[in-house]
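Trainee: Enclosed is the structure file coords-v8.txt (compact mmCIF, C-alpha atoms and all ligand atoms).
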# COMPACT_ATOMS: atom_id res chain seq x y z
CA MET D 1 29.82 120.81 130.11
CA GLN D 2 31.30 118.05 127.99
CA LEU D 3 34.21 116.01 129.20
CA ILE D 4 37.00 115.52 126.65
CA ASP D 5 37.79 111.86 127.06
CA GLY D 6 41.41 111.50 126.00
CA LYS D 7 41.55 107.89 127.08
CA SER D 8 38.83 106.68 124.74
CA VAL D 9 39.96 108.93 121.86
CA SER D 10 43.49 107.60 122.23
CA GLU D 11 42.23 104.01 122.14
CA GLU D 12 40.37 104.70 118.90
CA LEU D 13 43.38 106.41 117.31
CA ARG D 14 45.61 103.56 118.47
CA LYS D 15 43.40 101.06 116.63
CA ASN D 16 43.56 103.21 113.49
CA ILE D 17 47.37 103.27 113.62
CA GLN D 18 47.43 99.52 114.19
CA GLN D 19 45.34 99.04 111.04
CA ASP D 20 47.57 101.42 109.07
CA VAL D 21 50.68 99.50 110.17
CA SER D 22 49.14 96.17 109.18
CA LEU D 23 48.20 97.51 105.74
CA TRP D 24 51.60 99.11 105.31
CA VAL D 25 53.49 95.93 106.22
CA ALA D 26 51.10 93.73 104.19
CA SER D 27 51.79 95.87 101.12
CA GLY D 28 55.54 95.28 101.51
CA GLY D 29 56.40 98.24 103.70
CA LYS D 30 59.09 97.96 106.33
CA LYS D 31 57.96 97.36 109.90
CA PRO D 32 58.41 100.71 111.71
CA HIS D 33 61.31 100.61 114.17
CA LEU D 34 61.58 102.96 117.14
CA CYS D 35 64.82 103.15 119.08
CA ALA D 36 64.96 104.67 122.57
CA ILE D 37 68.01 105.81 124.52
CA LEU D 38 67.74 105.86 128.29
CA VAL D 39 70.45 107.32 130.53
CA GLY D 40 70.66 106.83 134.28
CA ASP D 41 68.28 105.27 136.76
CA ASP D 42 65.51 107.86 137.18
CA GLY D 43 62.38 105.84 138.03
CA ALA D 44 59.95 108.04 136.08
CA SER D 45 62.14 107.92 132.95
CA HIS D 46 62.32 104.12 133.15
CA THR D 47 58.51 103.96 133.43
CA TYR D 48 57.98 106.31 130.46
CA VAL D 49 60.42 104.43 128.23
CA ALA D 50 58.95 101.05 129.21
CA ALA D 51 55.47 102.35 128.27
CA LYS D 52 56.74 103.61 124.89
CA ILE D 53 58.39 100.27 124.11
CA LYS D 54 55.24 98.40 125.18
CA ASP D 55 53.13 100.65 122.93
CA CYS D 56 55.41 99.87 119.99
CA GLU D 57 55.25 96.12 120.49
CA ALA D 58 51.46 96.18 120.95
CA ILE D 59 50.86 98.12 117.77
CA GLY D 60 53.13 96.05 115.53
CA PHE D 61 56.32 98.14 115.54
CA LYS D 62 59.81 96.92 116.21
CA SER D 63 61.62 98.59 119.10
CA SER D 64 65.07 98.66 120.60
CA LEU D 65 66.52 100.18 123.72
CA TYR D 66 70.02 101.50 124.45
CA GLN D 67 70.65 101.94 128.16
CA PHE D 68 73.56 103.83 129.69
CA ALA D 69 74.70 104.47 133.25
CA SER D 70 74.31 108.07 134.45
CA ASN D 71 78.08 108.63 134.18
CA VAL D 72 78.17 107.92 130.43
CA THR D 73 80.20 110.55 128.62
CA GLU D 74 78.59 113.03 126.25
CA GLU D 75 80.96 111.79 123.52
CA LYS D 76 79.82 108.18 123.92
CA LEU D 77 76.18 109.25 123.72
CA ILE D 78 76.79 111.42 120.65
CA GLN D 79 78.70 108.59 118.96
CA THR D 80 75.81 106.18 119.63
CA ILE D 81 73.28 108.64 118.18
CA GLU D 82 75.46 109.08 115.09
CA GLU D 83 75.59 105.30 114.62
CA ILE D 84 71.80 105.07 114.95
CA ASN D 85 71.43 107.91 112.45
CA GLN D 86 73.34 105.76 109.95
CA ASN D 87 71.40 102.55 110.69
CA PRO D 88 68.84 102.09 107.90
CA ASP D 89 66.80 99.65 109.98
CA ILE D 90 65.94 102.30 112.60
CA ASP D 91 63.24 104.78 111.58
CA GLY D 92 62.76 106.82 114.74
CA LEU D 93 65.04 107.73 117.65
CA ILE D 94 64.13 109.25 121.00
CA VAL D 95 66.42 110.17 123.86
CA GLN D 96 64.49 110.19 127.12
CA LEU D 97 64.80 113.47 129.03
CA PRO D 98 65.98 114.66 131.49
CA LEU D 99 69.65 113.85 130.91
CA PRO D 100 72.37 114.06 133.58
CA LYS D 101 73.68 117.60 134.03
CA HIS D 102 77.08 116.91 132.40
CA ILE D 103 75.38 116.15 129.05
CA SER D 104 74.19 118.97 126.78
CA VAL D 105 70.54 118.38 125.88
CA ASP D 106 70.90 120.85 122.99
CA ARG D 107 73.84 118.94 121.53
CA VAL D 108 72.04 115.61 121.88
CA THR D 109 68.83 116.97 120.33
CA GLN D 110 70.71 118.51 117.44
CA THR D 111 72.70 115.35 116.76
CA ILE D 112 69.59 113.25 116.09
CA ALA D 113 68.99 113.16 112.33
CA PRO D 114 65.89 115.35 111.66
CA GLU D 115 64.28 112.53 109.66
CA LYS D 116 64.53 110.21 112.71
CA ASP D 117 63.57 112.88 115.28
CA VAL D 118 60.13 111.47 116.09
CA ASP D 119 59.95 113.54 119.30
CA GLY D 120 59.97 116.63 117.05
CA PHE D 121 62.55 118.47 119.18
CA HIS D 122 65.24 119.08 116.53
CA PRO D 123 65.43 122.78 115.54
CA GLN D 124 64.79 121.82 111.90
CA ASN D 125 61.51 120.13 112.81
CA VAL D 126 60.52 122.98 115.14
CA GLY D 127 61.33 125.42 112.30
CA ARG D 128 59.18 123.43 109.89
CA LEU D 129 56.34 123.57 112.43
CA SER D 130 56.62 127.36 112.67
CA ILE D 131 56.38 127.90 108.92
CA GLY D 132 53.66 125.31 108.40
CA LEU D 133 55.67 122.59 106.62
CA PRO D 134 54.94 118.91 107.27
CA THR D 135 56.92 117.86 110.34
CA TYR D 136 57.01 115.65 113.40
CA VAL D 137 54.73 117.51 115.81
CA SER D 138 55.91 116.79 119.33
CA ALA D 139 53.72 114.49 121.37
CA THR D 140 51.94 116.83 123.78
CA PRO D 141 50.93 119.59 121.32
CA PHE D 142 49.91 116.77 118.95
CA GLY D 143 47.61 115.39 121.67
CA ILE D 144 46.04 118.79 122.33
CA ILE D 145 45.34 119.48 118.65
CA LYS D 146 43.93 115.97 118.05
CA LEU D 147 41.49 116.34 120.95
CA LEU D 148 40.21 119.69 119.63
CA GLU D 149 39.85 118.12 116.18
CA TYR D 150 38.15 114.95 117.43
CA TYR D 151 35.49 116.91 119.31
CA GLY D 152 35.04 119.33 116.39
CA ILE D 153 35.73 122.29 118.65
CA GLU D 154 35.60 125.59 116.76
CA THR D 155 38.96 127.37 116.90
CA ALA D 156 38.89 129.89 114.00
CA GLY D 157 38.63 133.45 115.25
CA LYS D 158 38.64 132.31 118.88
CA HIS D 159 40.92 133.78 121.49
CA CYS D 160 43.23 131.03 122.72
CA VAL D 161 45.29 131.74 125.82
CA VAL D 162 48.25 129.40 126.34
CA LEU D 163 49.65 129.32 129.88
CA GLY D 164 53.34 128.37 129.66
CA ARG D 165 55.93 128.81 126.91
CA SER D 166 58.13 125.72 127.18
CA ASN D 167 59.72 124.34 124.03
CA ILE D 168 57.90 121.04 124.41
CA VAL D 169 54.36 122.23 125.19
CA GLY D 170 53.40 125.91 125.39
CA THR D 171 55.32 127.35 122.45
CA PRO D 172 54.49 124.61 119.88
CA ALA D 173 50.85 124.56 121.05
CA ALA D 174 50.66 128.33 120.50
CA ILE D 175 52.21 128.02 117.03
CA LEU D 176 49.78 125.27 116.05
CA MET D 177 46.75 127.20 117.31
CA SER D 178 47.72 130.24 115.23
CA ARG D 179 48.35 128.38 111.95
CA ASN D 180 46.03 128.85 108.99
CA VAL D 181 44.45 125.38 109.19
CA TYR D 182 41.91 123.60 111.37
CA PRO D 183 42.41 123.28 114.33
CA GLY D 184 44.04 126.70 114.30
CA ASN D 185 43.27 130.19 113.05
CA ALA D 186 42.90 131.26 116.66
CA THR D 187 44.15 134.57 118.01
CA VAL D 188 46.76 133.42 120.47
CA THR D 189 48.10 134.97 123.66
CA ILE D 190 51.01 133.30 125.44
CA CYS D 191 51.28 133.87 129.22
CA HIS D 192 54.28 132.94 131.36
CA SER D 193 55.75 133.54 134.78
CA LYS D 194 56.44 137.21 134.02
CA THR D 195 52.92 137.96 132.77
CA ASP D 196 51.27 140.68 134.87
CA ASN D 197 47.64 140.34 135.82
CA LEU D 198 47.31 136.99 134.05
CA GLU D 199 43.58 136.67 134.73
CA GLN D 200 42.84 139.66 132.47
CA TYR D 201 43.86 137.37 129.59
CA THR D 202 42.31 134.11 130.79
CA LEU D 203 39.00 135.89 131.43
CA GLN D 204 38.87 136.87 127.74
CA ALA D 205 39.80 133.40 126.52
CA ASP D 206 37.51 131.16 124.50
CA ILE D 207 40.12 128.39 124.75
CA ILE D 208 42.66 128.00 127.57
CA ILE D 209 45.59 125.61 127.28
CA ALA D 210 47.17 125.33 130.73
CA ALA D 211 50.75 124.01 130.73
CA ILE D 212 52.65 125.48 133.66
CA GLY D 213 53.00 122.66 136.18
CA ILE D 214 51.37 124.38 139.18
CA PRO D 215 48.60 122.20 140.62
CA GLU D 216 45.11 123.76 140.44
CA PHE D 217 46.53 127.13 139.34
CA LEU D 218 43.56 128.06 137.12
CA LYS D 219 40.63 128.98 139.38
CA ALA D 220 36.96 129.47 138.54
CA ASP D 221 37.19 133.28 138.81
CA MET D 222 39.84 133.25 136.04
CA VAL D 223 37.63 131.52 133.45
CA LYS D 224 34.92 132.93 131.17
CA PRO D 225 31.70 130.88 131.20
CA GLY D 226 31.56 128.62 128.13
CA ALA D 227 35.34 128.43 127.69
CA VAL D 228 37.13 125.30 126.45
CA VAL D 229 39.82 124.26 128.95
CA ILE D 230 42.67 121.94 128.05
CA ASP D 231 44.66 120.93 131.12
CA VAL D 232 48.15 119.72 130.27
CA GLY D 233 49.60 119.90 133.77
CA ILE D 234 50.46 116.74 135.68
CA THR D 235 51.83 117.00 139.20
CA ARG D 236 52.12 114.18 141.74
CA ILE D 237 50.57 115.14 145.06
CA ASN D 238 51.10 112.96 148.14
CA ASP D 239 47.88 111.20 149.05
CA ALA D 240 47.93 108.61 151.80
CA SER D 241 44.46 107.38 150.78
CA LYS D 242 45.88 106.05 147.48
CA LYS D 243 47.63 102.72 147.19
CA SER D 244 50.41 104.41 145.22
CA GLY D 245 50.75 107.10 147.91
CA PHE D 246 50.07 109.90 145.41
CA ARG D 247 47.48 111.28 143.02
CA LEU D 248 47.87 113.23 139.78
CA VAL D 249 46.66 116.81 139.71
CA GLY D 250 46.39 119.15 136.73
CA ASP D 251 46.94 122.90 136.41
CA VAL D 252 43.19 123.50 136.66
CA ASP D 253 41.02 123.57 139.80
CA TYR D 254 38.84 120.98 138.09
CA GLU D 255 35.93 120.76 140.53
CA ALA D 256 35.33 124.52 140.48
CA VAL D 257 36.19 125.20 136.82
CA ALA D 258 34.48 122.26 135.07
CA PRO D 259 30.87 123.47 135.62
CA LEU D 260 31.74 126.74 133.83
CA CYS D 261 33.23 125.13 130.71
CA SER D 262 31.77 124.04 127.40
CA TYR D 263 34.52 121.39 127.21
CA ILE D 264 37.25 120.37 129.63
CA THR D 265 39.95 117.68 129.82
CA PRO D 266 40.31 115.70 133.05
CA VAL D 267 43.63 114.82 134.72
CA PRO D 268 44.40 111.99 134.38
CA GLY D 269 42.66 110.76 131.23
CA GLY D 270 42.81 113.92 129.12
CA VAL D 271 45.92 115.05 127.25
CA GLY D 272 48.18 112.40 128.86
CA PRO D 273 47.02 109.30 126.95
CA MET D 274 47.04 111.27 123.69
CA THR D 275 50.74 112.03 123.92
CA ARG D 276 51.54 108.33 123.51
CA ILE D 277 49.64 108.36 120.22
CA GLY D 278 51.80 111.24 118.99
CA LEU D 279 54.99 109.19 119.17
CA LEU D 280 53.40 106.22 117.39
CA THR D 281 52.03 108.49 114.65
CA ASN D 282 55.44 110.06 114.10
CA THR D 283 57.23 106.70 114.03
CA LEU D 284 54.85 105.42 111.35
CA LYS D 285 55.42 108.64 109.39
CA ALA D 286 59.18 108.11 109.70
CA ALA D 287 58.94 104.52 108.42
CA ARG D 288 56.81 105.66 105.49
CA LYS D 289 59.17 108.58 104.87
CA GLU D 290 56.22 110.96 104.84
CA ILE D 291 58.07 114.02 106.13
CA TYR D 292 61.50 113.57 104.59
CA THR D 293 61.58 111.67 101.34
CA ASN D 294 64.62 109.61 100.30
CA SER D 295 65.83 112.41 98.05
CA LYS D 296 66.04 115.01 100.88
P1 LIG D 301 58.08 123.84 132.10
O1 LIG D 301 59.15 123.59 131.10
O2 LIG D 301 58.42 123.91 133.54
O3 LIG D 301 57.38 125.23 131.69
C1 LIG D 301 56.44 125.81 132.51
C2 LIG D 301 55.97 127.11 131.91
O4 LIG D 301 55.00 127.66 132.79
C3 LIG D 301 57.07 128.14 131.73
O5 LIG D 301 56.94 128.78 130.49
C4 LIG D 301 56.83 129.10 132.89
O6 LIG D 301 57.15 130.45 132.60
C5 LIG D 301 55.33 129.00 133.05
N1 LIG D 301 54.93 129.38 134.39
C6 LIG D 301 55.45 128.94 135.56
N2 LIG D 301 54.83 129.54 136.59
C7 LIG D 301 53.90 130.35 136.06
C8 LIG D 301 52.93 131.24 136.61
N3 LIG D 301 52.80 131.43 137.93
N4 LIG D 301 52.14 131.91 135.77
C9 LIG D 301 52.26 131.76 134.45
N5 LIG D 301 53.14 130.93 133.86
C10 LIG D 301 53.95 130.25 134.67
O7 LIG D 301 56.91 122.80 132.00
P2 LIG D 301 56.38 121.91 130.75
O8 LIG D 301 57.39 120.89 130.42
O9 LIG D 301 55.88 122.80 129.68
O10 LIG D 301 55.15 121.18 131.45
C11 LIG D 301 54.06 121.90 131.98
C12 LIG D 301 53.15 120.94 132.72
O11 LIG D 301 52.64 120.00 131.78
C13 LIG D 301 53.83 120.09 133.80
O12 LIG D 301 52.90 119.83 134.83
C14 LIG D 301 54.17 118.80 133.10
O13 LIG D 301 54.26 117.70 133.98
C15 LIG D 301 52.97 118.68 132.20
N6 LIG D 301 53.18 117.87 131.01
C16 LIG D 301 52.24 116.95 130.74
C17 LIG D 301 52.35 116.17 129.62
C18 LIG D 301 51.28 115.19 129.32
O14 LIG D 301 51.56 114.15 128.75
N7 LIG D 301 50.03 115.47 129.70
C19 LIG D 301 53.45 116.31 128.78
C20 LIG D 301 54.39 117.28 129.05
C21 LIG D 301 54.25 118.08 130.18
P3 LIG D 301 58.68 130.92 132.30
O15 LIG D 301 58.96 130.52 130.90
O16 LIG D 301 58.60 132.40 132.48
O17 LIG D 301 59.54 130.24 133.31
Show how you would write the structure in this file as structure tokens.
Ligand code: NAP

Mentor:
Amino acid sequence: MQLIDGKSVSEELRKNIQQDVSLWVASGGKKPHLCAILVGDDGASHTYVAAKIKDCEAIGFKSSLYQFASNVTEEKLIQTIEEINQNPDIDGLIVQLPLPKHISVDRVTQTIAPEKDVDGFHPQNVGRLSIGLPTYVSATPFGIIKLLEYYGIETAGKHCVVLGRSNIVGTPAAILMSRNVYPGNATVTICHSKTDNLEQYTLQADIIIAAIGIPEFLKADMVKPGAVVIDVGITRINDASKKSGFRLVGDVDYEAVAPLCSYITPVPGGVGPMTRIGLLTNTLKAARKEIYTNSK
């Protein structure tokens, strides 16, 4: 079994992006600028946004943060996004989710200009992904694909079973795995909460991407020996033995499943660190206008 070390791969990719930014700026390019919008006082959202801003500063990007109280009106938020869309200094815009219930996530997502949508959630960018056009691949599927690529894992002709069909993980991961490029060309099965007899699919899988959010869901008797297992799940479990009071658990029963696998990602230290690289990659692409040229 080989461990897929997302932490060290992400550090290497981070250095590559840092070099690319330096070269880009040294050759007269504009310093990439990521803008984040944060609504409300959810602790996890604050932590995620702070990490994204820190990543930007460390890598040589400019960043800015708009913060709103949880009772901000949808109109005010939409107006702010429209202003940012028009601001030529800002290359990429993210709105941290979840948003308060009175705000339509769909409206917010669709208001962000596609060329600044570095989270890759706008329907135009999702559509481009589905038909194989260059696009901003959202952070988690980006991380999964980069890990498969980095380890040179064979995907063509393999049966890939994706557990979960969310818009941010399962569905884009399934689309990417079925595209006619490497990593891709897999035969893909998507399983979800209504799938009957789910293990009949996982037992046939050469590659399993688990993204359902149920701790240790995938057991050893559901996995074919030699399979590649990518564990996307992250759930906080109370653990009094930890200083933080919790530990992070994936969707895979790691101790039992790992000995069966050819490759497996740990949690934490697998897909998680790679997602942060996805946002940086997309922001650099936005600054260089790689996806949408000036004329589009
Ligand atoms: P989500 O939106 O809740 O979607 C979960 C998916 O799992 C749904 O499609 C659901 O099916 C399916 N599902 C639920 N119970 C199931 C079951 N018993 N059998 C089969 N499928 C089942 O979750 P998400 O946003 O995709 O995230 C999934 C996990 O990945 C979470 O633990 C999340 O924290 C983690 N995550 C990690 C990262 C990272 O950086 N590593 C990033 C994003 C998410 P239905 O569609 O039928 O409801």

Trainee: Segment 231-233 of chain D: which residues within 12 Å, counting all atoms listed in the file, same-chain residues fewer than 4 positions away excluded, as a PyMOL selection string?

Mentor: chain D and resi 3-4+6+139-145+147+162-164+168-170+173+207-218+248-254+257-258+263-275

Trainee: Pick from D:Leu133, D:Phe61, D:Asp41, D:Cys35: nearest to Asn87 of chain D, with only C-alpha atoms counted?

Mentor: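 Of D:Leu133, D:Phe61, D:Asp41, D:Cys35, the one nearest Asn87 of chain D is D:Cys35, counting only C-alpha atoms.
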
Trainee: I'd like the interatomic distance between atom N2 of ligand LIG 301 (chain D) and atom CA of Ala227 of chain D, to a tenth of an Å.

Mentor: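 Going from atom N2 of ligand LIG 301 (chain D) over to atom CA of Ala227 of chain D, I get 21.5 Å.
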
Trainee: Would you work out the distance separating atom CA of Ser10 of chain D from atom CA of Cys160 of chain D, expressed in Å to one decimal?

Mentor: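 Between these atoms lies a distance of 23.4 Å.
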
Trainee: Tell me, as a PDB file with C-alpha atoms, keeping the file's coordinate frame, which residues lie within 12 Å of Tyr136 of chain D, counting only C-alpha atoms; anything in the same chain fewer than 2 positions away does not count.

Mentor:
ATOM      1  CA  GLY D  92      62.760 106.820 114.740  1.00  0.00           C
ATOM      2  CA  PRO D 114      65.890 115.350 111.660  1.00  0.00           C
ATOM      3  CA  GLU D 115      64.280 112.530 109.660  1.00  0.00           C
ATOM      4  CA  LYS D 116      64.530 110.210 112.710  1.00  0.00           C
ATOM      5  CA  ASP D 117      63.570 112.880 115.280  1.00  0.00           C
ATOM      6  CA  VAL D 118      60.130 111.470 116.090  1.00  0.00           C
ATOM      7  CA  ASP D 119      59.950 113.540 119.300  1.00  0.00           C
ATOM      8  CA  GLY D 120      59.970 116.630 117.050  1.00  0.00           C
ATOM      9  CA  PHE D 121      62.550 118.470 119.180  1.00  0.00           C
ATOM     10  CA  HIS D 122      65.240 119.080 116.530  1.00  0.00           C
ATOM     11  CA  PRO D 123      65.430 122.780 115.540  1.00  0.00           C
ATOM     12  CA  GLN D 124      64.790 121.820 111.900  1.00  0.00           C
ATOM     13  CA  ASN D 125      61.510 120.130 112.810  1.00  0.00           C
ATOM     14  CA  VAL D 126      60.520 122.980 115.140  1.00  0.00           C
ATOM     15  CA  GLY D 127      61.330 125.420 112.300  1.00  0.00           C
ATOM     16  CA  ARG D 128      59.180 123.430 109.890  1.00  0.00           C
ATOM     17  CA  LEU D 129      56.340 123.570 112.430  1.00  0.00           C
ATOM     18  CA  SER D 130      56.620 127.360 112.670  1.00  0.00           C
ATOM     19  CA  GLY D 132      53.660 125.310 108.400  1.00  0.00           C
ATOM     20  CA  LEU D 133      55.670 122.590 106.620  1.00  0.00           C
ATOM     21  CA  PRO D 134      54.940 118.910 107.270  1.00  0.00           C
ATOM     22  CA  SER D 138      55.910 116.790 119.330  1.00  0.00           C
ATOM     23  CA  ALA D 139      53.720 114.490 121.370  1.00  0.00           C
ATOM     24  CA  THR D 140      51.940 116.830 123.780  1.00  0.00           C
ATOM     25  CA  PRO D 141      50.930 119.590 121.320  1.00  0.00           C
ATOM     26  CA  PHE D 142      49.910 116.770 118.950  1.00  0.00           C
ATOM     27  CA  PRO D 172      54.490 124.610 119.880  1.00  0.00           C
ATOM     28  CA  GLY D 278      51.800 111.240 118.990  1.00  0.00           C
ATOM     29  CA  LEU D 279      54.990 109.190 119.170  1.00  0.00           C
ATOM     30  CA  LEU D 280      53.400 106.220 117.390  1.00  0.00           C
ATOM     31  CA  THR D 281      52.030 108.490 114.650  1.00  0.00           C
ATOM     32  CA  ASN D 282      55.440 110.060 114.100  1.00  0.00           C
ATOM     33  CA  THR D 283      57.230 106.700 114.030  1.00  0.00           C
ATOM     34  CA  LEU D 284      54.850 105.420 111.350  1.00  0.00           C
ATOM     35  CA  LYS D 285      55.420 108.640 109.390  1.00  0.00           C
ATOM     36  CA  ALA D 286      59.180 108.110 109.700  1.00  0.00           C
ATOM     37  CA  LYS D 289      59.170 108.580 104.870  1.00  0.00           C
ATOM     38  CA  GLU D 290      56.220 110.960 104.840  1.00  0.00           C
ATOM     39  CA  ILE D 291      58.070 114.020 106.130  1.00  0.00           C
ATOM     40  CA  TYR D 292      61.500 113.570 104.590  1.00  0.00           C
TER      41      TYR D 292
END

Trainee: Which neighbours of Glu75 of chain D fall inside 10 Å, counting only C-alpha atoms, when residues of the same chain fewer than 4 positions from it are skipped, and could you give them as a PyMOL selection string?

Mentor: chain D and resi 79-81+103+108

Trainee: Can you tell me which residues surround Arg288 of chain D at a distance of at most 9 Å, considering all atoms listed in the file, apart from same-chain residues fewer than 4 positions away, and format the answer as an NGL selection string?

Mentor: :D and (24 or 29-30 or 32 or 91 or 283-284 or 293)

Trainee: Quote the spacing between atom CA of His33 of chain D and atom O12 of ligand LIG 301 (chain D) in Å to one decimal place.

Mentor: 29.4 Å

Trainee: Given only C-alpha atoms and all ligand atoms as the basis, pick out the residue of D:Val95, D:Ala44, D:Ala156, D:Asn71 nearest to ligand LIG 301 (chain D).

Mentor: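 Closest residue, counting only C-alpha atoms and all ligand atoms: D:Ala44.
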
Trainee: Return the single residue from D:Met1, D:Ile17, D:Cys191, D:Ile153 that is closest to ligand LIG 301 (chain D), with distances computed using all atoms listed in the file.

Mentor: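 Once distances to ligand LIG 301 (chain D) are computed over all atoms listed in the file, the minimum belongs to D:Cys191.
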
Trainee: Go through D:Phe246, D:Tyr150, D:Tyr182, D:Tyr201 and flag the residue nearest ligand LIG 301 (chain D), using all atoms listed in the file for the distances.

Mentor: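 Distance minimum relative to ligand LIG 301 (chain D) lands on D:Tyr201.
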
Trainee: Which residues come within 12 Å of His46 of chain D, counting all atoms listed in the file, excluding same-chain residues fewer than 6 positions away, as an NGL selection string?

Mentor: :D and (36-40 or 52-53 or 65-68 or 95-98)

Trainee: Would you write out those residues with C-alpha atoms, as a short mmCIF file (atom, residue, chain, number, x, y, z; two decimals), keeping the file's coordinate frame?

Mentor:
data_model
loop_
_atom_site.label_atom_id
_atom_site.label_comp_id
_atom_site.auth_asym_id
_atom_site.auth_seq_id
_atom_site.Cartn_x
_atom_site.Cartn_y
_atom_site.Cartn_z
CA ALA D 36 64.96 104.67 122.57
CA ILE D 37 68.01 105.81 124.52
CA LEU D 38 67.74 105.86 128.29
CA VAL D 39 70.45 107.32 130.53
CA GLY D 40 70.66 106.83 134.28
CA LYS D 52 56.74 103.61 124.89
CA ILE D 53 58.39 100.27 124.11
CA LEU D 65 66.52 100.18 123.72
CA TYR D 66 70.02 101.50 124.45
CA GLN D 67 70.65 101.94 128.16
CA PHE D 68 73.56 103.83 129.69
CA VAL D 95 66.42 110.17 123.86
CA GLN D 96 64.49 110.19 127.12
CA LEU D 97 64.80 113.47 129.03
CA PRO D 98 65.98 114.66 131.49
#

Trainee: Between D:Asn16, D:Asn197, D:Thr111, D:Ser63, which has the minimum distance to ligand LIG 301 (chain D) (counting only C-alpha atoms and all ligand atoms)?

Mentor: D:Asn197

Trainee: Which residue, D:Arg276, D:His192, D:Lys219, D:Lys62, has the smallest gap to ligand LIG 301 (chain D) when you use all atoms listed in the file?

Mentor: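 Of D:Arg276, D:His192, D:Lys219, D:Lys62, the one nearest ligand LIG 301 (chain D) is D:His192, counting all atoms listed in the file.
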
Trainee: Give the padded box for segment 189-206 of chain D as AutoDock Vina command-line options: axis-aligned, covering all atoms listed in the file, 8 Å on each side, centre and edge lengths in Å to one decimal.

Mentor:
--center_x 47.0 --center_y 135.9 --center_z 129.7 --size_x 34.9 --size_y 25.5 --size_z 28.2

Trainee: Please complete segment 68-83 of chain D with N, CA and C atoms and give it back as a CSV table (one decimal), in the frame of the given file.

Mentor:
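Generated file (rebuild-v1.csv):
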chain,number,residue,atom,x,y,z
D,68,PHE,N,72.2,103.4,129.2
D,68,PHE,CA,73.6,103.8,129.7
D,68,PHE,C,73.5,104.2,131.2
D,69,ALA,N,74.6,104.0,131.9
D,69,ALA,CA,74.7,104.5,133.2
D,69,ALA,C,74.7,106.0,133.3
D,70,SER,N,74.4,106.6,134.4
D,70,SER,CA,74.3,108.1,134.4
D,70,SER,C,75.7,108.8,134.3
D,71,ASN,N,76.8,108.0,134.4
D,71,ASN,CA,78.1,108.6,134.2
D,71,ASN,C,78.6,108.5,132.7
D,72,VAL,N,77.7,108.0,131.8
D,72,VAL,CA,78.2,107.9,130.4
D,72,VAL,C,78.7,109.3,130.0
D,73,THR,N,79.7,109.3,129.1
D,73,THR,CA,80.2,110.6,128.6
D,73,THR,C,79.3,111.1,127.5
D,74,GLU,N,79.4,112.4,127.3
D,74,GLU,CA,78.6,113.0,126.2
D,74,GLU,C,79.1,112.5,124.9
D,75,GLU,N,80.4,112.3,124.8
D,75,GLU,CA,81.0,111.8,123.5
D,75,GLU,C,80.4,110.4,123.2
D,76,LYS,N,80.3,109.5,124.2
D,76,LYS,CA,79.8,108.2,123.9
D,76,LYS,C,78.4,108.2,123.4
D,77,LEU,N,77.6,109.1,124.1
D,77,LEU,CA,76.2,109.2,123.7
D,77,LEU,C,76.0,109.8,122.3
D,78,ILE,N,76.8,110.8,122.0
D,78,ILE,CA,76.8,111.4,120.6
D,78,ILE,C,77.2,110.4,119.6
D,79,GLN,N,78.2,109.6,119.9
D,79,GLN,CA,78.7,108.6,119.0
D,79,GLN,C,77.6,107.5,118.7
D,80,THR,N,76.9,107.2,119.8
D,80,THR,CA,75.8,106.2,119.6
D,80,THR,C,74.7,106.8,118.7
D,81,ILE,N,74.3,108.0,119.0
D,81,ILE,CA,73.3,108.6,118.2
D,81,ILE,C,73.7,108.7,116.7
D,82,GLU,N,75.0,109.0,116.5
D,82,GLU,CA,75.5,109.1,115.1
D,82,GLU,C,75.4,107.7,114.4
D,83,GLU,N,75.7,106.7,115.2
D,83,GLU,CA,75.6,105.3,114.6
D,83,GLU,C,74.1,105.0,114.3
